[in-house]
Amino acid sequence: MPTCGPTSHTDLRSDQTTSCAYTADHQPSHDRLPEKLGYIESTPAGSPVDRVSADHGRLLVTRPSPYVRRQWLAREIRRLREEHGVTGEAIARTLGFPRQQLSALENGHIGPDIDLVSGICDYLSVGMNRRTAIMDAAADGWTRSWWAADAEQMGVRQAIYADLESGAKTITEYAMALIPGLLQTPAFADARLRSDPARHGAGFDPAAAVTARTHRQRLLLATGGPRYEAVIDEVAIRRCAADPTVVAQQLRHIVATHETYPSATIQVLPVEASIRGHSAPRSSYSIYRYRDPQGSQAVAVDTLTRDLIHTEPAEVDPYLNLHSRLKAAALAPDASIRLLRAAADHLESTEGVLT
């Protein structure tokens, strides 16, 4: 008979580039925003959801992730320098910018200085089409939206996921130990967020975090939102990561989401599944494909203390290959829904027995 108990896994997430961790300081920190962005800024009062207008929500569905756009811009600026055989120090000296500012641009850490980016294009005589793509990415990288203002309350780890979800064409997830955050009910999310209070900063507010997660789900399932596919390991379903009643309701919520929204597809990976090549996933991850002209992709790999964010194709491709194997080994959607219903029925039938 299964028992319920705490788990050391957490679903508040941080972000790390290939070489450094995401922090609130990596958000664009300038006082001005390019007018072309068209974003509606949040007002000071209200919860994260209340502060986002309906128009803003629609924009968030289509605008590209600022983080991913900064990473693409960083690679493109480095590529330009290498093509012309010019050092960063030479460019910075010629344009009159500190070398550290160019380094920050090439690392994608902060909102790019528009004048610096434009100056680089002028200095290297970049063609019109390429220049347009670069300047568009620079403008997108400036974006500060609802998650930036509320990062401390909702959790910095969750804020970067809200950023990554913005403008995604598809979101594909593998969940190894817990139900994905984008599928969690408020009760389940609250239980998980409160499970380890020592992990959160002084400004963290569990209620605000749950509200923000709910808003992310609304954006996911909104008309024109991304295609969502999740492969959930059977371990995440069988493990009681909250009160059994809460878990049962959580499983039924997944079923309802799958049946109500054509854009959402859920599959369960059985414990006994045979994965091609005997592949063994080592962690949960999320794969994002975007609508930007470059067809950008990103992968967020879940770890206990922080998450690794990959945007380089050489780092993304192995996860795409792994996921195709996991998806092929998972139960078909209809069979997955039957397993989820049976698991929920079992939990409800044993209510009062499980502890």
# chains A, B, ... in the order shown; residues from 1 in each chain; ligands from 1
$ select_by_dssp --residues "range 175-324 of chain A" --states "strand (DSSP E or B)" --output "list in words"
Ala175, Arg227, Tyr228, Glu229, Ala230, Val231, Ile232, Asp233, Cys240, Ala264, Thr265, Ile266, Gln267, Val268, Leu269, Tyr285, Ser286, Ile287, Tyr288, Arg289, Tyr290, Gln297, Ala298, Val299, Ala300, Val301, Leu308, Ile309 and His310 of chain A
$ residues_around --residues "range 182-184 of chain A" --least-positions-apart "5" --cutoff "7 Å" --atoms "only C-alpha atoms" --output "JSON, numbers by chain"
{"A": [189, 217, 250, 254]}
$ select_by_dssp --residues "range 166-310 of chain A" --states "helix (DSSP H, G or I)" --output "ChimeraX atom specification"
/A:181-183,186-193,197-199,206-221,234-238,244-260,276-278
$ residues_around --residues "Arg289 in chain A" --least-positions-apart "6" --cutoff "8 Å" --atoms "only C-alpha atoms" --output "MDAnalysis selection string"
chainID A and resid 168:171 295:298
$ closest_atom_pairs --of "range 308-347 of chain A" --to "range 63-78 of chain A" --cutoff "10 Å" --atoms "only C-alpha atoms" --output "Markdown table"
| residue | atom | partner | partner_atom | distance |
| --- | --- | --- | --- | --- |
| A:Ile309 | CA | A:Val68 | CA | 9.4 |
| A:His310 | CA | A:Val68 | CA | 9.4 |
| A:Thr311 | CA | A:Gln71 | CA | 7.1 |
| A:Glu312 | CA | A:Trp72 | CA | 8.7 |
$ write_last_selection --atoms "N, CA and C atoms" --output "mmCIF file, in the first residue's frame"
data_model
loop_
_atom_site.group_PDB
_atom_site.id
_atom_site.type_symbol
_atom_site.label_atom_id
_atom_site.label_comp_id
_atom_site.auth_asym_id
_atom_site.auth_seq_id
_atom_site.Cartn_x
_atom_site.Cartn_y
_atom_site.Cartn_z
ATOM 1 N N ILE A 309 19.887 26.512 -18.066
ATOM 2 C CA ILE A 309 19.169 26.952 -19.250
ATOM 3 C C ILE A 309 20.120 26.865 -20.443
ATOM 4 N N HIS A 310 19.754 26.046 -21.423
ATOM 5 C CA HIS A 310 20.570 25.859 -22.616
ATOM 6 C C HIS A 310 19.880 26.486 -23.819
ATOM 7 N N THR A 311 20.613 27.279 -24.576
ATOM 8 C CA THR A 311 20.083 27.848 -25.810
ATOM 9 C C THR A 311 20.966 27.533 -27.021
ATOM 10 N N GLU A 312 22.161 27.037 -26.772
ATOM 11 C CA GLU A 312 23.041 26.645 -27.880
ATOM 12 C C GLU A 312 22.492 25.369 -28.529
#
$ closest_residue --among "A:Met128, A:Ala177, A:Ala138, A:Leu269" --to "Leu304 in chain A" --atoms "only C-alpha atoms"
A:Ala177
$ closest_residue --among "A:Thr211, A:Ser286, A:Ser263, A:Thr132" --to "Val117 in chain A" --atoms "only C-alpha atoms"
A:Thr132
$ residues_around --residues "Pro270 in chain A" --least-positions-apart "2" --cutoff "10 Å" --atoms "only C-alpha atoms" --output "JSON, numbers by chain"
{"A": [232, 233, 234, 235, 237, 267, 268, 272, 273, 274, 329, 330, 331, 336, 339]}
$ decode --residues "range 154-246 of chain A" --atoms "C-alpha atoms" --output "short mmCIF file (atom, residue, chain, number, x, y, z; two decimals), in the first residue's frame"
data_model
loop_
_atom_site.label_atom_id
_atom_site.label_comp_id
_atom_site.auth_asym_id
_atom_site.auth_seq_id
_atom_site.Cartn_x
_atom_site.Cartn_y
_atom_site.Cartn_z
CA MET A 154 6.71 34.59 -6.81
CA GLY A 155 10.24 33.20 -6.55
CA VAL A 156 13.12 33.94 -8.89
CA ARG A 157 13.10 30.35 -10.11
CA GLN A 158 9.50 30.64 -11.20
CA ALA A 159 10.10 34.07 -12.75
CA ILE A 160 12.63 32.75 -15.25
CA TYR A 161 10.16 30.05 -16.32
CA ALA A 162 7.54 32.73 -16.92
CA ASP A 163 10.13 34.48 -19.09
CA LEU A 164 10.96 31.32 -21.03
CA GLU A 165 7.27 30.57 -21.63
CA SER A 166 6.66 33.99 -23.19
CA GLY A 167 6.29 33.73 -26.95
CA ALA A 168 6.78 29.97 -27.04
CA LYS A 169 5.24 28.13 -29.98
CA THR A 170 5.48 24.79 -28.18
CA ILE A 171 6.35 23.76 -24.65
CA THR A 172 7.39 20.14 -24.16
CA GLU A 173 8.14 18.76 -20.70
CA TYR A 174 9.36 15.61 -19.04
CA ALA A 175 8.47 15.36 -15.34
CA MET A 176 10.44 12.78 -13.40
CA ALA A 177 9.47 13.27 -9.75
CA LEU A 178 6.71 15.88 -9.53
CA ILE A 179 3.71 17.04 -11.51
CA PRO A 180 4.82 19.88 -13.83
CA GLY A 181 4.14 23.36 -12.49
CA LEU A 182 2.04 24.25 -15.52
CA LEU A 183 -0.38 21.46 -14.60
CA GLN A 184 -0.49 21.94 -10.82
CA THR A 185 -3.69 22.85 -9.00
CA PRO A 186 -3.49 25.74 -6.52
CA ALA A 187 -3.76 23.29 -3.59
CA PHE A 188 -0.97 21.06 -4.88
CA ALA A 189 1.23 24.04 -5.77
CA ASP A 190 0.69 25.58 -2.33
CA ALA A 191 1.68 22.32 -0.63
CA ARG A 192 4.86 22.07 -2.67
CA LEU A 193 5.82 25.73 -2.29
CA ARG A 194 5.43 25.55 1.50
CA SER A 195 7.28 22.25 1.83
CA ASP A 196 10.69 23.85 2.33
CA PRO A 197 10.40 27.52 3.42
CA ALA A 198 14.12 27.76 4.19
CA ARG A 199 14.84 27.58 0.45
CA HIS A 200 13.08 30.83 -0.36
CA GLY A 201 14.20 34.43 0.04
CA ALA A 202 12.88 36.86 2.59
CA GLY A 203 10.48 38.42 0.08
CA PHE A 204 8.95 35.11 -1.01
CA ASP A 205 5.16 34.89 -0.64
CA PRO A 206 3.61 31.42 -1.20
CA ALA A 207 0.21 32.94 -2.00
CA ALA A 208 1.75 35.25 -4.63
CA ALA A 209 3.69 32.29 -6.05
CA VAL A 210 0.50 30.25 -6.44
CA THR A 211 -1.26 33.22 -8.05
CA ALA A 212 1.60 33.68 -10.49
CA ARG A 213 1.58 29.99 -11.37
CA THR A 214 -2.15 30.15 -12.02
CA HIS A 215 -1.60 33.10 -14.33
CA ARG A 216 1.09 31.21 -16.22
CA GLN A 217 -1.40 28.39 -16.74
CA ARG A 218 -3.99 30.85 -18.06
CA LEU A 219 -1.49 32.19 -20.59
CA LEU A 220 -0.56 28.63 -21.59
CA LEU A 221 -4.17 27.65 -22.28
CA ALA A 222 -5.28 30.96 -23.78
CA THR A 223 -6.43 31.17 -27.38
CA GLY A 224 -3.31 31.47 -29.50
CA GLY A 225 -1.14 30.05 -26.74
CA PRO A 226 1.56 27.43 -27.25
CA ARG A 227 1.09 23.76 -27.96
CA TYR A 228 1.77 21.94 -24.69
CA GLU A 229 2.96 18.33 -24.40
CA ALA A 230 4.01 16.62 -21.20
CA VAL A 231 5.46 13.19 -20.55
CA ILE A 232 4.96 12.47 -16.86
CA ASP A 233 6.90 9.63 -15.27
CA GLU A 234 4.70 7.18 -13.40
CA VAL A 235 6.86 7.84 -10.33
CA ALA A 236 5.53 11.42 -10.21
CA ILE A 237 1.99 10.07 -10.26
CA ARG A 238 2.41 7.34 -7.66
CA ARG A 239 4.39 9.46 -5.22
CA CYS A 240 2.21 11.38 -2.77
CA ALA A 241 3.94 14.76 -2.82
CA ALA A 242 0.99 16.27 -0.91
CA ASP A 243 -2.05 15.10 1.06
CA PRO A 244 -3.66 12.12 -0.76
CA THR A 245 -6.89 14.06 -1.31
CA VAL A 246 -4.93 16.92 -2.86
#
